[in-house]
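Contents: one structure, followed by commentary.
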Amino acid sequence: MNDIVQADNRRVKIPVPLFVIYTFITLAVYILPNTKLTVPYIISGSLMLISLPVIMLLDRKYLNYGVVLLLISSYFLVVHILRYPVLTDGINEVIRNVRFFIPILWGAYGIRFVSEKQKKAILILFFLLTAYILYNTMVALEQEPWIARILAQDQSTSSDEVNAYRLGNVGGYPFSYMIGVVAIMVMSLTLKAKKAVYRIIGAVLMVVIYIYIVQTMYTTLLLLTTSACLILLLVQFKSPLVKLSVLILFFVIAVGFVPLLELTKGLFDSGSLLVTKFEQIIASLTGEGIDALGRRPQLMAGAISNWLSSPIVGMYTKLSAHSLILDFLQSNGLMGFALWIVLFVVAWKLILTELKMANVNPTTFNVAMTYFTVLSFFNDTKWTFDITIAAFFIVPIFCCVFFKNKKSQLSN
């Protein structure tokens with residue numbers, strides 16, 4: 001079916017759903033662990049980059065954002081080369097930054113230009129891929145409880161045995177944190193669905209998701225996903241009683257956090273990494289300080305120290321804090337970080353503008369972006385395109401399909 005859309009007061013004809021076909025291919029390449037391992041970098045990178053000039057030409061806003069994205073990314077290239085004169089590394093830095101933000105343009109394009117049926121087709125493919133990887137990973141976790149964490153290691157240094165799991169489409173760290181975004185979508189649908197059957201299906205899916213999260217033993221994922229779900233409870237219900245109940249729950253969790261962790265850790269096997277992490281958190285909150293949390297806080301403290309030694313322009317270092325935000329600060333200083341924040345905030349606003357024009361409630365998208373922002377402080381998300389594609393592209397499409405406001409209402 002031909003789609004006829006309006007852009008910059010011109011009639012633009014899209015004779016075939018090329019974008020949807022392109023999306024199918026890109027989702028398979030960037031989400032399936034097998035293809036992420038086997039498809040050459042130059043092909044996967046080019047696959048994402050080729051969409052940029054096409055989408056930029058469709059709308060003045062997209063063009064402006066694309067130009068700013070390229071200019072700021074070029075600034076990072078110049079800074080990188082001045083500090084560490086290796087051109088290939090600098091070019092990779094530019095490509096990484098551009099690829100990071102491209103899904104935002106996909107989301108904006110999808111909201112305005114893609115038909116309702118095509119939006120649903122994209123969602124069906126995404127959730128089928130997610131369910132397939134989730135099933136494979138949960139089966140693998142039954143055999144090897146540490147596999148989700150083992151798969152977090154660099155592919156280039158992984159053993160053939162570990163890569164065999166990837167070839168079998170078993171998900172690791174990026175997929176696991178992408179599941180947090182999926183949980184936000186499922187929780188939103190569960191809370192807002194008018195039909196009881198949808199609420200039941202959503203509740204069942206949330207149970208499955210939480211079983212998976214516990215199996216992966218990612219403490220940050222558990223805490224962030226739970227916090228996001230509580231925020232959804234707070235904002236989705238208009239009843240003052242419900243809002244008060246959620247606020248009281250937040251207060252009880254905050255005040256009784258240590259006893260709650262003591263109680264919760266008893267639900268898991270004593271050898272579980274979750275129990276170890278909970279014990280570390282308890283120790284850090286009861287007098288032993290952040291050193292009790294393990295090596296991660298030390299790396300983050302080192303990144304902050306590096307940043308403070310050159311706060312304006314940053315410094316070249318191979319030290320990774322495993323934090324996108326802190327790594328950016330120590331490498332690019334306040335100047336580079338401010339430019340990156342401009343890209344991120346304008347991207348966020350771009351999607352919100354498109355959702356408002358489409359008369360779509362943006363709550364789920366805002367919560368997903370908040371989840372991603374906090375996650376980027378505690379983890380290095382610059383190469384986790386699974387998560388950026390889900391948060392920047394799939395969530396806006398999801399909102400369009402399920403959360404359109406009535407014509408008489410304005411988006412929140």
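Every chain in the structure tokens takes a letter, A first, then B, and so on in the order presented; its residues are numbered from 1, and the ligands are numbered from 1 following the presented order.
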Find the spatial neighbours of range 206-223 of chain A, counting only C-alpha atoms, within a cut-off of 7 Å - ignore same-chain residues fewer than 2 positions away - and output them as a PDB file with N, CA and C atoms, in the first residue's frame.
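Once written, result-v9.pdb looks like this:
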ATOM      1  N   MET A 138      17.000 -17.871  28.861  1.00  0.00           N
ATOM      2  CA  MET A 138      16.501 -18.487  30.084  1.00  0.00           C
ATOM      3  C   MET A 138      16.847 -19.979  30.130  1.00  0.00           C
ATOM      4  N   LEU A 141      20.497 -20.063  31.012  1.00  0.00           N
ATOM      5  CA  LEU A 141      20.699 -19.712  32.418  1.00  0.00           C
ATOM      6  C   LEU A 141      20.416 -20.888  33.346  1.00  0.00           C
ATOM      7  N   PRO A 145      24.247 -20.613  35.263  1.00  0.00           N
ATOM      8  CA  PRO A 145      23.644 -19.434  35.900  1.00  0.00           C
ATOM      9  C   PRO A 145      24.412 -18.130  35.654  1.00  0.00           C
ATOM     10  N   ALA A 148      24.774 -14.950  31.479  1.00  0.00           N
ATOM     11  CA  ALA A 148      24.432 -13.580  31.087  1.00  0.00           C
ATOM     12  C   ALA A 148      25.566 -12.615  31.439  1.00  0.00           C
ATOM     13  N   TYR A 177      19.662  -5.490  29.595  1.00  0.00           N
ATOM     14  CA  TYR A 177      19.207  -4.140  29.921  1.00  0.00           C
ATOM     15  C   TYR A 177      18.165  -3.630  28.933  1.00  0.00           C
ATOM     16  N   GLY A 180      14.835  -4.335  30.307  1.00  0.00           N
ATOM     17  CA  GLY A 180      14.304  -3.301  31.197  1.00  0.00           C
ATOM     18  C   GLY A 180      13.397  -2.346  30.449  1.00  0.00           C
ATOM     19  N   ALA A 183      10.206  -4.141  29.738  1.00  0.00           N
ATOM     20  CA  ALA A 183       9.387  -4.181  30.957  1.00  0.00           C
ATOM     21  C   ALA A 183       8.586  -2.897  31.121  1.00  0.00           C
ATOM     22  N   VAL A 186       5.658  -3.143  28.688  1.00  0.00           N
ATOM     23  CA  VAL A 186       4.671  -4.129  29.141  1.00  0.00           C
ATOM     24  C   VAL A 186       3.922  -3.620  30.364  1.00  0.00           C
ATOM     25  N   GLY A 202      -0.338  -9.002  30.367  1.00  0.00           N
ATOM     26  CA  GLY A 202       0.739  -8.123  30.804  1.00  0.00           C
ATOM     27  C   GLY A 202       1.319  -8.555  32.137  1.00  0.00           C
ATOM     28  N   ALA A 203       0.446  -8.936  33.076  1.00  0.00           N
ATOM     29  CA  ALA A 203       0.912  -9.378  34.392  1.00  0.00           C
ATOM     30  C   ALA A 203       1.762 -10.639  34.279  1.00  0.00           C
ATOM     31  N   VAL A 204       1.318 -11.576  33.424  1.00  0.00           N
ATOM     32  CA  VAL A 204       2.088 -12.813  33.214  1.00  0.00           C
ATOM     33  C   VAL A 204       3.454 -12.495  32.615  1.00  0.00           C
ATOM     34  N   THR A 225      14.644  -1.291  36.874  1.00  0.00           N
ATOM     35  CA  THR A 225      13.355  -1.730  36.328  1.00  0.00           C
ATOM     36  C   THR A 225      12.246  -1.564  37.359  1.00  0.00           C
ATOM     37  N   THR A 226      12.536  -1.930  38.596  1.00  0.00           N
ATOM     38  CA  THR A 226      11.542  -1.781  39.659  1.00  0.00           C
ATOM     39  C   THR A 226      11.198  -0.312  39.880  1.00  0.00           C
ATOM     40  N   SER A 227      12.211   0.546  39.873  1.00  0.00           N
ATOM     41  CA  SER A 227      11.975   1.984  40.047  1.00  0.00           C
ATOM     42  C   SER A 227      11.123   2.533  38.910  1.00  0.00           C
ATOM     43  N   LEU A 273      24.900 -14.338  42.933  1.00  0.00           N
ATOM     44  CA  LEU A 273      25.587 -13.047  42.895  1.00  0.00           C
ATOM     45  C   LEU A 273      24.686 -11.943  43.428  1.00  0.00           C
ATOM     46  N   LEU A 274      23.362 -12.087  43.252  1.00  0.00           N
ATOM     47  CA  LEU A 274      22.441 -11.093  43.792  1.00  0.00           C
ATOM     48  C   LEU A 274      22.591 -10.969  45.303  1.00  0.00           C
ATOM     49  N   LYS A 277      25.731  -9.051  45.974  1.00  0.00           N
ATOM     50  CA  LYS A 277      25.533  -7.631  45.696  1.00  0.00           C
ATOM     51  C   LYS A 277      24.700  -6.964  46.790  1.00  0.00           C
TER      52      LYS A 277
END
Worksheet item: Skipping near chain neighbours, those fewer than 2 positions away, what residues fall within 10 Å of range 383-388 of chain A using only C-alpha atoms, listed as a ChimeraX atom specification?
Response: /A:27,29-32,96-97,99-104,173-182,324,369,372,380-381,390-394
File dump, residues just selected, N, CA and C atoms, as a CSV table (one decimal), in the first residue's frame:
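Once everything was written out, this is out_38.csv:
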chain,number,residue,atom,x,y,z
A,27,LEU,N,16.9,-4.6,12.7
A,27,LEU,CA,16.6,-5.2,14.0
A,27,LEU,C,17.3,-6.5,14.1
A,29,VAL,N,20.0,-7.6,12.6
A,29,VAL,CA,21.4,-7.5,12.7
A,29,VAL,C,21.9,-7.0,14.0
A,30,TYR,N,21.1,-6.0,14.6
A,30,TYR,CA,21.6,-5.4,15.9
A,30,TYR,C,21.0,-6.0,17.1
A,31,ILE,N,20.0,-6.9,17.1
A,31,ILE,CA,19.5,-7.5,18.3
A,31,ILE,C,19.9,-8.9,18.4
A,32,LEU,N,19.9,-9.7,17.3
A,32,LEU,CA,20.2,-11.1,17.4
A,32,LEU,C,21.7,-11.3,17.8
A,96,ARG,N,30.6,6.0,16.1
A,96,ARG,CA,29.9,5.5,17.2
A,96,ARG,C,28.9,6.6,17.7
A,97,ASN,N,29.3,7.8,17.8
A,97,ASN,CA,28.4,8.9,18.2
A,97,ASN,C,27.2,9.1,17.3
A,99,ARG,N,25.9,6.8,15.2
A,99,ARG,CA,25.1,5.6,15.3
A,99,ARG,C,24.3,5.6,16.6
A,100,PHE,N,24.8,6.2,17.7
A,100,PHE,CA,24.1,6.2,18.9
A,100,PHE,C,22.8,7.0,18.8
A,101,PHE,N,22.8,8.1,18.0
A,101,PHE,CA,21.6,8.9,18.0
A,101,PHE,C,20.7,8.7,16.8
A,102,ILE,N,21.2,7.9,15.8
A,102,ILE,CA,20.3,7.6,14.6
A,102,ILE,C,19.0,7.0,15.0
A,103,PRO,N,18.9,6.1,15.9
A,103,PRO,CA,17.5,5.6,16.3
A,103,PRO,C,16.5,6.6,16.7
A,104,ILE,N,17.0,7.8,17.1
A,104,ILE,CA,16.1,8.9,17.5
A,104,ILE,C,15.4,9.4,16.2
A,173,TYR,N,24.7,-8.9,28.3
A,173,TYR,CA,24.5,-7.6,29.0
A,173,TYR,C,23.6,-6.6,28.2
A,174,PRO,N,23.8,-6.3,26.9
A,174,PRO,CA,23.0,-5.4,26.3
A,174,PRO,C,21.5,-5.8,26.2
A,175,PHE,N,21.3,-7.1,25.9
A,175,PHE,CA,20.0,-7.7,25.8
A,175,PHE,C,19.3,-7.6,27.1
A,176,SER,N,20.0,-7.9,28.2
A,176,SER,CA,19.4,-7.9,29.5
A,176,SER,C,18.9,-6.5,29.9
A,177,TYR,N,19.7,-5.5,29.6
A,177,TYR,CA,19.2,-4.1,29.9
A,177,TYR,C,18.2,-3.6,28.9
A,178,MET,N,18.1,-4.2,27.7
A,178,MET,CA,17.1,-3.9,26.8
A,178,MET,C,15.7,-4.4,27.4
A,179,ILE,N,15.8,-5.6,28.1
A,179,ILE,CA,14.6,-6.1,28.7
A,179,ILE,C,14.0,-5.2,29.7
A,180,GLY,N,14.8,-4.3,30.3
A,180,GLY,CA,14.3,-3.3,31.2
A,180,GLY,C,13.4,-2.3,30.4
A,181,VAL,N,13.8,-2.0,29.2
A,181,VAL,CA,12.9,-1.1,28.4
A,181,VAL,C,11.6,-1.9,28.0
A,182,VAL,N,11.8,-3.1,27.7
A,182,VAL,CA,10.6,-4.0,27.3
A,182,VAL,C,9.6,-4.0,28.5
A,324,LEU,N,28.8,5.6,30.9
A,324,LEU,CA,28.8,6.5,29.7
A,324,LEU,C,29.0,7.9,30.1
A,369,MET,N,13.2,6.9,28.6
A,369,MET,CA,14.4,7.8,28.5
A,369,MET,C,15.0,8.1,29.8
A,372,PHE,N,17.0,5.0,30.7
A,372,PHE,CA,18.2,5.0,29.9
A,372,PHE,C,19.2,6.0,30.4
A,380,ASP,N,28.2,1.6,30.8
A,380,ASP,CA,28.7,2.1,29.6
A,380,ASP,C,27.7,1.7,28.4
A,381,THR,N,26.9,2.6,28.0
A,381,THR,CA,25.8,2.3,27.0
A,381,THR,C,26.2,2.7,25.6
A,390,ALA,N,15.7,0.2,21.2
A,390,ALA,CA,14.5,-0.1,21.9
A,390,ALA,C,13.9,1.2,22.5
A,391,ALA,N,14.8,2.0,23.2
A,391,ALA,CA,14.3,3.2,23.9
A,391,ALA,C,14.0,4.3,22.9
A,392,PHE,N,14.8,4.5,21.9
A,392,PHE,CA,14.7,5.7,21.0
A,392,PHE,C,13.7,5.5,19.9
A,393,PHE,N,13.6,4.2,19.5
A,393,PHE,CA,12.8,3.9,18.3
A,393,PHE,C,11.5,3.1,18.6
A,394,ILE,N,11.7,1.9,19.2
A,394,ILE,CA,10.6,1.0,19.5
A,394,ILE,C,9.5,1.6,20.4
Worksheet entry | Exercise: Leu339 in chain A partners within 12 Å, only C-alpha atoms, chain neighbours under 2 positions left out, as a PyMOL selection string | chain A and resi 68-76+97+313+328-329+332-337+341-346
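Counting only C-alpha atoms, Val170 in chain A has the following residues at most 7 Å away, ignoring those fewer than 3 positions along the same chain: Pro33, Ile133, Asn136, Thr137, Tyr165 and Arg166 of chain A.
Minimum atom-to-atom distance to Ser188 in chain A, evaluated using only C-alpha atoms, belongs to A:Leu232 out of A:Ala121, A:Glu161, A:Gly107, A:Leu232.
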Practice prompt. Return the single residue from A:Leu326, A:Ala303, A:Cys399, A:Leu244 that is closest to Phe378 in chain A, with distances computed using only C-alpha atoms.
Written response: A:Leu326
Fill in: Residues of range 118-171 of chain A in helix (DSSP H, G or I), written as an MDAnalysis selection string
chainID A and resid 118:143 147:150 155:157 160:167
Worksheet item: Pick from A:Lys318, A:Asp160, A:Arg112, A:Pro40: nearest to Gly302 in chain A, with only C-alpha atoms counted?
Response: A:Lys318
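Proximity of A:Thr35, A:Ser158, A:Thr363, A:Gln298 to Val235 in chain A, computed with only C-alpha atoms, is greatest for A:Thr363.
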Worksheet item: What is the distance, in Å and to one decimal place, between CA of Ser331 in chain A and CA of Glu93 in chain A?
Response: 11.7 Å
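Distances to Ile389 in chain A were evaluated for A:Tyr65, A:Leu57, A:Val252, A:Ala368 using only C-alpha atoms, and the minimum falls at A:Ala368.
The smallest atom-to-atom distance between Asn379 in chain A and any of A:Thr364, A:Leu352, A:Val139, A:Pro297, using only C-alpha atoms, is found for A:Pro297.
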